[in-house]
>>> print(open('protein_15.cif').read())   # mmCIF, C-alpha atoms
data_protein
#
loop_
_atom_site.label_atom_id
_atom_site.label_comp_id
_atom_site.auth_asym_id
_atom_site.auth_seq_id
_atom_site.Cartn_x
_atom_site.Cartn_y
_atom_site.Cartn_z
CA MET K 1 25.02 -10.71 -43.70
CA GLN K 2 22.89 -12.09 -40.88
CA LYS K 3 22.93 -10.09 -37.62
CA SER K 4 23.93 -11.78 -34.40
CA PHE K 5 21.21 -12.64 -31.90
CA SER K 6 22.37 -9.98 -29.42
CA GLU K 7 22.26 -7.30 -32.14
CA SER K 8 18.79 -8.38 -33.17
CA TYR K 9 17.58 -8.37 -29.57
CA ALA K 10 18.95 -4.84 -29.11
CA ALA K 11 17.12 -3.76 -32.26
CA ALA K 12 13.95 -5.14 -30.69
CA GLY K 13 14.48 -2.84 -27.70
CA VAL K 14 16.14 -5.15 -25.17
CA ASP K 15 19.67 -4.18 -24.08
CA VAL K 16 21.33 -7.33 -22.73
CA THR K 17 24.49 -5.46 -21.76
CA ALA K 18 22.44 -3.03 -19.64
CA GLY K 19 21.21 -6.04 -17.69
CA TYR K 20 24.77 -7.10 -16.97
CA GLU K 21 25.64 -3.58 -15.86
CA SER K 22 22.62 -3.46 -13.55
CA VAL K 23 23.72 -6.66 -11.83
CA GLU K 24 27.18 -5.22 -11.20
CA LEU K 25 25.75 -2.00 -9.77
CA ILE K 26 23.40 -3.75 -7.33
CA LYS K 27 25.93 -6.23 -5.91
CA ALA K 28 27.05 -3.83 -3.14
CA HIS K 29 23.45 -3.24 -2.08
CA VAL K 30 22.68 -6.96 -1.99
CA LYS K 31 25.84 -7.68 0.01
CA LYS K 32 24.68 -5.57 2.97
CA THR K 33 21.60 -7.80 3.38
CA VAL K 34 23.55 -11.03 3.85
CA ILE K 35 22.59 -12.84 7.06
CA PRO K 36 23.31 -16.36 8.37
CA GLY K 37 21.58 -18.86 6.11
CA VAL K 38 22.42 -17.23 2.80
CA ILE K 39 24.10 -19.63 0.38
CA GLY K 40 25.87 -18.35 -2.70
CA GLY K 41 25.37 -14.95 -4.28
CA ILE K 42 23.19 -13.27 -6.86
CA GLY K 43 23.36 -14.28 -10.50
CA GLY K 44 22.39 -17.93 -10.20
CA PHE K 45 19.16 -19.52 -11.34
CA GLY K 46 17.75 -19.63 -7.82
CA GLY K 47 18.32 -17.84 -4.53
CA MET K 48 19.37 -20.29 -1.83
CA PHE K 49 18.81 -20.05 1.91
CA GLU K 50 19.46 -22.66 4.60
CA LEU K 51 16.48 -22.92 6.92
CA PRO K 52 17.30 -22.62 10.65
CA THR K 53 15.07 -25.59 11.43
CA GLY K 54 17.19 -26.59 14.40
CA GLU K 55 15.94 -23.53 16.25
CA TYR K 56 12.32 -24.64 15.97
CA LYS K 57 10.37 -27.66 17.23
CA GLU K 58 7.66 -27.36 14.58
CA PRO K 59 8.81 -24.79 12.01
CA VAL K 60 6.21 -23.28 9.72
CA LEU K 61 7.03 -21.25 6.60
CA VAL K 62 4.95 -18.13 6.03
CA SER K 63 5.07 -16.36 2.67
CA GLY K 64 3.89 -13.01 1.37
CA THR K 65 3.91 -11.16 -1.93
CA ASP K 66 2.86 -7.64 -2.89
CA GLY K 67 3.72 -4.54 -4.88
CA VAL K 68 3.47 -0.81 -4.31
CA GLY K 69 0.57 0.03 -6.60
CA THR K 70 0.39 3.41 -8.29
CA LYS K 71 2.82 5.00 -5.82
CA ILE K 72 5.26 4.03 -8.59
CA LYS K 73 3.88 6.95 -10.63
CA LEU K 74 4.88 9.39 -7.89
CA ALA K 75 8.43 8.04 -7.82
CA GLN K 76 8.63 8.44 -11.58
CA LEU K 77 7.33 12.02 -11.50
CA MET K 78 9.78 12.95 -8.75
CA ASP K 79 12.60 10.99 -10.38
CA LYS K 80 13.27 9.53 -6.94
CA HIS K 81 13.67 5.78 -6.97
CA ASP K 82 15.72 4.93 -3.85
CA THR K 83 12.82 4.51 -1.40
CA ILE K 84 10.11 2.75 -3.43
CA GLY K 85 11.91 -0.53 -2.74
CA ILE K 86 11.44 0.02 1.00
CA ASP K 87 7.70 0.23 0.34
CA CYS K 88 7.78 -3.04 -1.57
CA VAL K 89 9.63 -4.88 1.17
CA ALA K 90 7.40 -3.38 3.87
CA MET K 91 4.18 -4.51 2.19
CA CYS K 92 5.45 -8.09 2.17
CA VAL K 93 7.37 -8.47 5.43
CA ASN K 94 4.82 -6.64 7.58
CA ASP K 95 2.17 -9.15 6.52
CA VAL K 96 4.46 -12.07 7.35
CA ALA K 97 5.33 -10.59 10.75
CA CYS K 98 1.62 -10.13 11.49
CA SER K 99 1.40 -13.92 11.39
CA GLY K 100 4.10 -14.18 14.05
CA ALA K 101 6.85 -15.21 11.64
CA LYS K 102 10.35 -13.84 11.14
CA PRO K 103 11.12 -12.91 7.50
CA LEU K 104 14.13 -14.84 6.22
CA PHE K 105 14.64 -13.81 2.61
CA PHE K 106 13.22 -11.61 -0.12
CA LEU K 107 13.14 -11.55 -3.92
CA ASP K 108 12.14 -8.65 -6.16
CA TYR K 109 10.77 -8.37 -9.69
CA ILE K 110 11.22 -5.20 -11.73
CA ALA K 111 9.47 -4.79 -15.07
CA CYS K 112 10.62 -1.79 -17.08
CA GLY K 113 10.23 -0.30 -20.53
CA LYS K 114 13.97 0.21 -20.82
CA ASN K 115 16.76 -0.89 -18.51
CA TYR K 116 18.60 2.16 -17.21
CA PRO K 117 21.22 0.53 -14.95
CA GLU K 118 21.59 3.49 -12.59
CA LYS K 119 17.83 3.68 -12.06
CA ILE K 120 17.57 -0.07 -11.48
CA ALA K 121 20.39 0.19 -8.95
CA GLU K 122 18.51 2.94 -7.09
CA ILE K 123 15.38 0.79 -6.93
CA VAL K 124 17.32 -2.21 -5.65
CA LYS K 125 19.10 0.00 -3.10
CA GLY K 126 15.68 0.71 -1.60
CA VAL K 127 14.83 -2.99 -1.61
CA ALA K 128 18.11 -3.75 0.17
CA ASP K 129 17.50 -0.98 2.71
CA GLY K 130 14.08 -2.50 3.43
CA CYS K 131 15.63 -5.92 3.87
CA VAL K 132 18.15 -4.53 6.36
CA LEU K 133 15.34 -2.81 8.31
CA SER K 134 13.43 -6.09 8.51
CA GLY K 135 16.44 -8.34 9.13
CA CYS K 136 16.03 -10.50 6.03
CA ALA K 137 18.30 -11.27 3.07
CA LEU K 138 17.86 -10.23 -0.53
CA VAL K 139 18.70 -13.52 -2.26
CA GLY K 140 17.63 -12.84 -5.83
CA GLY K 141 15.38 -11.07 -8.24
CA GLU K 142 14.59 -10.35 -11.86
CA THR K 143 14.67 -7.28 -14.08
CA ALA K 144 12.68 -7.63 -17.30
CA GLU K 145 12.54 -5.17 -20.17
CA HIS K 146 9.15 -4.83 -21.83
CA PRO K 147 9.70 -2.65 -24.91
CA GLY K 148 6.54 -1.91 -26.83
CA ILE K 149 4.45 -2.72 -23.77
CA MET K 150 5.78 -0.17 -21.29
CA ALA K 151 7.14 3.30 -22.04
CA ASP K 152 10.92 3.64 -21.69
CA ASP K 153 10.72 5.46 -18.33
CA ASP K 154 8.00 3.26 -16.86
CA TYR K 155 8.60 0.44 -14.42
CA ASP K 156 6.73 -1.66 -11.89
CA LEU K 157 8.02 -3.38 -8.78
CA ALA K 158 6.80 -6.40 -6.86
CA GLY K 159 8.31 -8.63 -4.22
CA PHE K 160 8.07 -11.95 -2.44
CA THR K 161 9.22 -13.00 1.01
CA VAL K 162 9.38 -16.16 3.10
CA GLY K 163 9.47 -16.20 6.88
CA ILE K 164 9.57 -18.85 9.57
CA GLY K 165 7.76 -19.27 12.87
CA GLU K 166 7.12 -21.79 15.62
CA LYS K 167 3.79 -23.48 14.94
CA ASP K 168 2.35 -23.00 18.42
CA LYS K 169 3.45 -19.35 18.54
CA LEU K 170 1.97 -18.19 15.24
CA VAL K 171 -0.66 -15.46 15.50
CA SER K 172 -3.80 -17.15 14.27
CA GLY K 173 -6.51 -15.29 16.19
CA GLU K 174 -7.56 -18.39 18.12
CA HIS K 175 -6.90 -16.66 21.46
CA LEU K 176 -8.83 -13.50 20.57
CA LYS K 177 -11.71 -12.79 22.96
CA ALA K 178 -13.92 -10.11 24.41
CA GLY K 179 -11.97 -7.91 26.80
CA ASP K 180 -8.79 -7.89 24.73
CA ALA K 181 -7.25 -4.46 24.28
CA LEU K 182 -6.57 -3.03 20.85
CA ILE K 183 -3.27 -1.20 20.45
CA GLY K 184 -2.63 1.15 17.57
CA VAL K 185 0.87 1.65 16.17
CA ALA K 186 1.54 4.84 14.23
CA SER K 187 2.15 4.85 10.48
CA SER K 188 4.77 6.96 8.73
CA GLY K 189 2.16 8.44 6.41
CA ILE K 190 0.13 7.19 3.46
CA HIS K 191 2.32 4.07 3.13
CA SER K 192 1.47 2.40 -0.22
CA ASN K 193 -2.30 2.39 -0.52
CA GLY K 194 -4.90 4.78 -1.85
CA PHE K 195 -2.67 6.48 -4.40
CA SER K 196 -5.15 6.15 -7.24
CA LEU K 197 -7.54 8.30 -5.19
CA ILE K 198 -4.76 10.68 -4.15
CA ARG K 199 -3.69 11.20 -7.74
CA LYS K 200 -7.25 12.18 -8.61
CA VAL K 201 -7.78 14.44 -5.58
CA PHE K 202 -4.61 16.47 -6.13
CA ASN K 203 -4.41 16.09 -9.93
CA ILE K 204 -0.92 14.70 -9.39
CA ASN K 205 1.59 15.92 -11.97
CA GLU K 206 5.06 17.44 -12.10
CA ASP K 207 3.73 20.79 -10.87
CA THR K 208 1.30 19.76 -8.13
CA ILE K 209 3.85 17.58 -6.35
CA LYS K 210 6.07 20.64 -5.91
CA VAL K 211 3.41 22.65 -4.03
CA TYR K 212 4.45 23.41 -0.44
CA TYR K 213 1.83 22.99 2.29
CA ASP K 214 2.34 24.65 5.67
CA GLU K 215 0.32 21.95 7.43
CA LEU K 216 2.65 19.29 6.03
CA GLY K 217 5.87 21.22 6.51
CA SER K 218 6.95 19.95 3.11
CA THR K 219 5.93 19.73 -0.52
CA LEU K 220 3.12 17.35 -1.39
CA GLY K 221 5.51 15.04 -3.22
CA GLU K 222 7.95 14.85 -0.31
CA GLU K 223 5.12 13.88 2.03
CA LEU K 224 3.61 11.29 -0.27
CA ILE K 225 6.91 9.57 -1.13
CA THR K 226 7.64 8.84 2.57
CA PRO K 227 8.41 5.10 2.76
CA THR K 228 6.09 2.60 4.41
CA ARG K 229 6.97 1.86 8.02
CA ILE K 230 8.52 -1.57 8.57
CA TYR K 231 7.22 -3.09 11.81
CA VAL K 232 9.02 -6.44 11.80
CA LYS K 233 11.59 -5.97 14.55
CA PRO K 234 9.22 -4.24 17.03
CA LEU K 235 6.58 -6.92 16.47
CA LEU K 236 9.05 -9.75 17.01
CA SER K 237 10.33 -8.02 20.14
CA LEU K 238 6.79 -7.72 21.47
CA MET K 239 6.02 -11.37 20.75
CA GLU K 240 9.06 -12.47 22.74
CA SER K 241 7.53 -11.02 25.90
CA ILE K 242 3.76 -11.07 25.43
CA ARG K 243 1.30 -13.33 23.66
CA VAL K 244 -0.23 -11.40 20.80
CA ASN K 245 -3.74 -12.59 20.05
CA ALA K 246 -4.28 -10.97 16.65
CA ILE K 247 -2.77 -8.33 14.36
CA SER K 248 -4.14 -6.31 11.48
CA HIS K 249 -1.86 -4.54 8.99
CA ILE K 250 -3.86 -1.51 7.83
CA THR K 251 -3.25 -1.47 4.08
CA GLY K 252 -5.62 -1.20 1.10
CA GLY K 253 -9.21 -1.13 2.33
CA GLY K 254 -8.29 0.73 5.50
CA PHE K 255 -9.89 -0.22 8.80
CA TYR K 256 -13.15 -1.57 7.45
CA GLU K 257 -11.53 -4.24 5.31
CA ASN K 258 -8.41 -5.13 7.30
CA VAL K 259 -9.48 -5.17 10.94
CA PRO K 260 -12.18 -7.86 10.38
CA ARG K 261 -9.50 -10.10 8.87
CA MET K 262 -7.99 -10.59 12.34
CA LEU K 263 -11.32 -11.36 14.06
CA ASN K 264 -13.11 -14.59 14.94
CA GLU K 265 -16.82 -15.10 14.54
CA ASN K 266 -18.85 -13.26 17.18
CA THR K 267 -16.04 -10.81 17.99
CA LEU K 268 -16.41 -7.10 17.36
CA ALA K 269 -13.51 -4.64 17.27
CA VAL K 270 -14.52 -1.31 18.79
CA ILE K 271 -12.06 1.48 17.98
CA GLU K 272 -12.25 5.04 19.26
CA LYS K 273 -11.32 7.34 16.39
CA ASP K 274 -10.20 10.15 18.69
CA LYS K 275 -7.64 7.82 20.27
CA CYS K 276 -6.12 6.78 16.96
CA PHE K 277 -2.99 8.44 15.61
CA SER K 278 -3.61 11.19 13.09
CA LEU K 279 -1.44 12.94 10.51
CA PRO K 280 -2.03 16.25 8.65
CA ILE K 281 -1.88 14.57 5.23
CA PHE K 282 -5.15 12.75 5.86
CA ASP K 283 -6.96 15.95 6.87
CA LEU K 284 -5.63 17.57 3.70
CA ILE K 285 -6.86 14.70 1.51
CA LYS K 286 -10.29 14.74 3.16
CA LYS K 287 -10.66 18.53 2.78
CA THR K 288 -9.28 18.80 -0.75
CA GLY K 289 -11.29 15.90 -2.11
CA ASN K 290 -14.39 16.50 0.03
CA ILE K 291 -14.23 12.82 0.97
CA PRO K 292 -16.66 11.42 3.59
CA GLU K 293 -15.01 10.22 6.80
CA ARG K 294 -16.14 6.64 6.33
CA ASP K 295 -14.56 6.53 2.89
CA MET K 296 -11.31 7.84 4.39
CA PHE K 297 -11.26 5.03 6.96
CA ASN K 298 -12.19 2.57 4.22
CA THR K 299 -9.22 3.60 2.05
CA PHE K 300 -6.32 4.82 4.21
CA ASN K 301 -4.53 3.87 7.43
CA MET K 302 -5.38 7.36 8.76
CA GLY K 303 -2.15 7.47 10.76
CA THR K 304 -2.37 4.01 12.34
CA GLY K 305 -0.42 1.30 10.51
CA LEU K 306 -1.09 -1.64 12.81
CA VAL K 307 -3.85 -2.72 15.17
CA ILE K 308 -2.72 -5.32 17.71
CA ALA K 309 -4.92 -7.30 20.10
CA VAL K 310 -3.50 -8.47 23.45
CA ASP K 311 -4.98 -9.60 26.76
CA GLY K 312 -6.44 -6.58 28.51
CA ASP K 313 -4.19 -6.95 31.54
CA ARG K 314 -1.06 -6.91 29.35
CA ALA K 315 -1.97 -3.88 27.25
CA ASP K 316 0.07 -1.27 29.16
CA GLU K 317 3.10 -3.53 29.09
CA ALA K 318 2.69 -4.09 25.35
CA VAL K 319 2.55 -0.35 24.74
CA ARG K 320 5.74 0.15 26.76
CA ILE K 321 7.58 -2.54 24.78
CA LEU K 322 6.51 -1.09 21.43
CA ASN K 323 7.45 2.45 22.44
CA ALA K 324 10.83 1.23 23.70
CA SER K 325 11.36 -0.34 20.26
CA GLY K 326 11.07 3.07 18.63
CA GLU K 327 7.40 2.93 17.66
CA ARG K 328 4.54 5.16 18.77
CA ALA K 329 1.85 2.97 20.29
CA LYS K 330 -1.24 3.45 22.46
CA ILE K 331 -4.51 1.76 23.37
CA ILE K 332 -7.23 2.70 20.90
CA GLY K 333 -10.06 0.26 21.61
CA GLU K 334 -11.15 -3.20 22.67
CA ILE K 335 -12.68 -6.47 21.53
CA ARG K 336 -16.31 -7.08 22.47
CA ASN K 337 -18.82 -9.84 21.85
CA GLY K 338 -20.94 -9.14 18.79
CA GLU K 339 -21.30 -9.65 15.07
CA LYS K 340 -17.90 -9.95 13.39
CA GLY K 341 -16.76 -6.55 12.20
CA VAL K 342 -15.32 -3.22 13.24
CA ASP K 343 -17.13 -0.31 14.88
CA LEU K 344 -15.41 3.08 14.73
CA ILE K 345 -16.89 5.36 17.38
#
>>> encode(input="protein_15.cif", output="structure tokens")
Amino acid sequence: MQKSFSESYAAAGVDVTAGYESVELIKAHVKKTVIPGVIGGIGGFGGMFELPTGEYKEPVLVSGTDGVGTKIKLAQLMDKHDTIGIDCVAMCVNDVACSGAKPLFFLDYIACGKNYPEKIAEIVKGVADGCVLSGCALVGGETAEHPGIMADDDYDLAGFTVGIGEKDKLVSGEHLKAGDALIGVASSGIHSNGFSLIRKVFNINEDTIKVYYDELGSTLGEELITPTRIYVKPLLSLMESIRVNAISHITGGGFYENVPRMLNENTLAVIEKDKCFSLPIFDLIKKTGNIPERDMFNTFNMGTGLVIAVDGDRADEAVRILNASGERAKIIGEIRNGEKGVDLI
């Protein structure tokens, strides 16, 4: 007797019914992200969102996509999956906000060796929490089982977001000039970059993540799993009051790769290291791995998640606005004339 297709698919390692169960479990998480513009619900072939074009003279869509890299391995070792989605959202929406756009909606993609509905629901809960923090809607996603390619407990997570901004208010760097002040905004920790190096430095495994460090005030795993800070709402609040000339999101590549991305030709970013925010985890990584300081600043955010350029005479006001929004911000440097690049002094 010939088996049915669903039975044969299950025998191949794909549980269709688990997919249905996952969808049911995540519905409550998705519901809390609904904002004006959302059309329909999850489960269709495409997520729909009505653009608020009437609010803009020349609306421009800004998109971003990213994942969370090997931080996934830490979540798997700790069996903690409800915050990794915040990281995924943050990596996407922070980039969009750095362009001066407001994130509208988000979609996620989860690839897994085996669909465990409760675990998938935890991951999506984190995604939904990140969407709430950034004010955007979770309008769809995909969970794909990859038996034979990924181990049963393995998964990967990526996301995609679309935002909207007024064309003449987008942050393009065209107004950047010598004399602009550079404002640093504190990170929440490692965020989602440099974990391949961290795993090597600490020989990350089920035992090492449980080691308590006095300087951290927590176990290593608890410190490293801290979600990426989402800067969307503070940035949008700042842009409502002050023209922002350029923004750098300090992600993979640290200061040396990301700060030049916000510069024009013949502009040099001069940043005073002693004025930047610092966190104990970075000192611990440097000491444990015997890593040169330049390599640290070329890999990690070092405690500063954003670098924002504003007119010099508006810098103090910008700091006050950011601090009032719940961030920790301060002036850490300036823009000077010179060869395009960053100078950490």
>>> resolve_selection(input="protein_15.cif", expression="the PyMOL selection byres ((chain K and resi 269-282) around 7)", output="list in words")
Gly184, Ala186, Glu215, Leu216, Thr267, Leu268, Asp283, Leu284, Ile285, Lys286, Met302, Gly303, Thr304, Ile332, Gly333, Glu334, Ile335, Arg336, Gly341, Val342, Asp343, Leu344 and Ile345 of chain K
>>> resolve_selection(input="protein_15.cif", expression="the PyMOL selection byres ((chain K and resi 294) around 10)", output="number ranges by chain")
K: 254-256, 291-293, 295-299, 344
>>> closest_atom_pairs(input="protein_15.cif", of="segment 228-306 of chain K", to="segment 84-89 of chain K", cutoff="9 Å", atoms="only C-alpha atoms", output="JSON lines")
{"residue": "K:Thr228", "atom": "CA", "partner": "K:Asp87", "partner_atom": "CA", "distance": 5.0}
{"residue": "K:Arg229", "atom": "CA", "partner": "K:Asp87", "partner_atom": "CA", "distance": 7.9}
{"residue": "K:Ile230", "atom": "CA", "partner": "K:Val89", "partner_atom": "CA", "distance": 8.2}
>>> closest_residue(input="protein_15.cif", among="K:Ala137, K:Leu25, K:Val259, K:Leu104", to="Gly165 of chain K", atoms="only C-alpha atoms")
K:Leu104
>>> closest_residue(input="protein_15.cif", among="K:Ile209, K:Leu322, K:Gly140, K:Glu166", to="Gly54 of chain K", atoms="all atoms listed in the file")
K:Glu166
>>> resolve_selection(input="protein_15.cif", expression="the PyMOL selection byres ((chain K and resi 71) around 12)", output="PyMOL selection string")
chain K and resi 67-70+72-78+80-81+83-85+87-88+155-157+190-199+204+221+224-228
>>> atom_distance(input="protein_15.cif", atom1="atom CA of Ile308 of chain K", atom2="atom CA of Leu61 of chain K")
21.7 Å
>>> closest_atom_pairs(input="protein_15.cif", of="segment 158-205 of chain K", to="segment 232-244 of chain K", cutoff="10 Å", atoms="all atoms listed in the file", output="CSV")
residue,atom,partner,partner_atom,distance
K:Lys169,CA,K:Arg243,CA,8.2
K:Leu170,CA,K:Val244,CA,9.0
K:Val171,CA,K:Val244,CA,6.7
K:Ser172,CA,K:Val244,CA,9.4
K:Gly173,CA,K:Val244,CA,8.7
K:His175,CA,K:Val244,CA,8.5
K:Leu176,CA,K:Val244,CA,8.9
>>> atom_distance(input="protein_15.cif", atom1="atom CA of Val62 of chain K", atom2="atom CA of Val23 of chain K")
28.3 Å
>>> atom_distance(input="protein_15.cif", atom1="atom CA of Val201 of chain K", atom2="atom CA of Gly305 of chain K")
22.0 Å
>>> residues_around(input="protein_15.cif", residues="Val93 of chain K", least_positions_apart="4", cutoff="10 Å", atoms="only C-alpha atoms", output="list in words")
Val62, Ser63, Gly64, Thr65, Asp66, Cys88, Val89, Ala97, Cys98, Ala101, Lys102, Pro103, Leu104, Phe105, Phe106, Gly130, Cys131, Ser134, Gly135, Cys136, Gly159, Phe160, Thr161, Val162, Gly163, Ile230, Tyr231 and Val232 of chain K
>>> closest_residue(input="protein_15.cif", among="K:Gly312, K:Val211, K:Ile42, K:Lys287", to="Ala28 of chain K", atoms="all atoms listed in the file")
K:Ile42
>>> residues_around(input="protein_15.cif", residues="Tyr212 of chain K", least_positions_apart="5", cutoff="10 Å", atoms="only C-alpha atoms", output="list in words")
Gly217, Ser218, Thr219, Leu220, Gly221, Glu222 and Glu223 of chain K
>>> closest_residue(input="protein_15.cif", among="K:Ile164, K:Met150, K:Ile35, K:Ala111", to="Val96 of chain K", atoms="all atoms listed in the file")
K:Ile164
>>> residues_around(input="protein_15.cif", residues="Ala128 of chain K", least_positions_apart="4", cutoff="9 Å", atoms="all atoms listed in the file", output="PyMOL selection string")
chain K and resi 29-33+85-86+89+123-124+132-133+137-138
